[in-house]
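Undergrad: One structure, pasted below without further comment.
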Amino acid sequence: MDPPTEPSPGPYDYDMLVIGGGSGGLAVAKEAAGLRKTVLMLDLVAPSPRGTERELGGSSLNMDSIRKFLQQASLLGKAIQDSQKYGWRLKEEAPHSWSELVEAVRQQVKTRSLEVKRELKSCGVFYLAAHGELVGPHTVEATGVDGRKRRLTAETLVIATGDRPRYPGVPGDREHCLTSEDLLSLPRPPGRTLVVGGSAEGLECAGFLCGLGLPVTVMLQPDLLPGLDRKMAQKIENQLIVSGVDFLYHCSLTKVEQMDACREDVAPGECATTPPEVSLGRLRVTFISQEGQTTQEDFDTVLLTVGRKAFTSDVGLERVGVQRNLDTGRILVNESDQTSVDHIYAIGSVQHGRPSTTGLSVHAGTLLARRLYGGDGVLCDYSDVPHVVLTPLEYAACGLSEEKANLTLGEDSVEVYHSYYWPLEWALPARDKNSCYVKVICHVPDHDRVVGVHVMGPNAGDILQGFVAAMKCGLTKRQLDATVGIHPGSAQVLSSLTQTQRMSEALLTRGNC
């Protein structure tokens, strides 16, 4: 919906102006419009350094969909193998088509973007494909695709510009490397791939590419799944290693060089000017070990997953006094999502010091609009936020990690119940019994209240969702034990946990386990 050309009867053009079309911005805009406020959303993001266009919906909403599609592509490959044990006989091998997958996912993302625009229109939100920059306390300068500028005013401003992948700042990173946003821009499979970084998106991409049969190496720079439970991270790492992913430890990327210019229609490692018997990597990667030893290896693709930085550098925050962290770009906010300027708010991954998930951004944006215009004083609870890592063997968690629980509550006050489990559907293909794992972390002095739940296995995110609600209601271990499990099903393991980690360690000490 184009913004009105007639001036507003009030002192401002709009009641609310949202800069950025991320999931939190969409939520606050639609909710405010539903409460009969005039709302304008500005969203125009430049392509990535590799030229990848970004669709309306923000990096979180679009990338979440892509992550799920890519995970499913990998899982289907494994399901084809398992199907033979269930009596299915394929007449021929089932090769994977990278181009068909890429085209299908691209079309789905574009379709979703069009649906979002239709939703905004039906809710009464005015939308303008323009870059927004603060030029005054209540004034935003909108720059359209054609470069034309227009100044607009609003009583309340919301920053929801999301974040973008970081670059490590080494020679060749922007010229020759991809980020997760660029992966589907490749017209051919990425070939031998180096994934730089041990973040969730890095391990997800590594697992997906390995599942398609591609050689993958992960360079942990700096850590494995920073901020998440250490033991669960190690189990994910072990599972990826078993699947065929290689890991480089204690190394730092120093340079990426283009070694041979190949046509896009030539398979990775086979340049048009190179004899078929000679295999050359397209990119030469230089990295240095912790001991100072320099090594070079050739890869077809280098994928950077070294973290993300808030996209706030060109929004004009300093001009109006909005405070942000200069290193991460994230905006300082209070418990009401309010910035250092009273009428300016920030939602989603631009917030400093808070978890960032699509579901949380949507929830926080909806509550913000209700507080501003609906007479509702409910604040967003940023504790116990569930999250999921879409590796081939999925990992989902809510609440405290084991390390955080021991640190904040005291190790003697924490009890950890855990168990491996074997999904019934894995029995016929005889998959590894010791892959899937759950643990529940309890605060003993508080009636064994559950402060952390961790699930690693198929559909872990779906399994966890109901337990998230129970944790919000103060779930205790006794209540969990009193829950009737659904059989057959994997989630029932959480209601039958009897062994603690201390018991396991004692058994190991006695040699009985």
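Ordered as shown in the structure tokens, chains take letters A, B, and onward, while each chain numbers its residues from 1 and ligands are numbered from 1 in the order shown.
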Name the residues in contact with Phe467 of chain A at a cut-off of 9 Å, using only C-alpha atoms, excluding same-chain residues fewer than 5 positions from it; report them as number ranges by chain.

TA: A: 398, 453, 472, 475

Undergrad: Pick out the residues sitting within 10 Å of Leu228 of chain A, and hand them over as an NGL selection string; count only C-alpha atoms, and ignore anything fewer than 2 positions along from it in its own chain.

TA: :A and (199-200 or 224-226 or 230-233 or 387 or 397 or 400-404)

Undergrad: For segment 422-431 of chain A, find every residue with an atom within 6 Å (counting only C-alpha atoms), except residues of its own chain fewer than 6 positions away, and show them as a ChimeraX atom specification.

TA: /A:82,85,490

Undergrad: Give me every strand (DSSP E or B) residue in segment 353-438 of chain A, going by DSSP on the backbone, as a PyMOL selection string.

TA: chain A and resi 387-389+395-399+414-421+436-438

Undergrad: Which one of A:Asp182, A:Leu152, A:Gly410, A:Ser435 sits closest to Arg164 of chain A if you count only C-alpha atoms?

TA: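 Smallest distance to Arg164 of chain A is found for A:Asp182.
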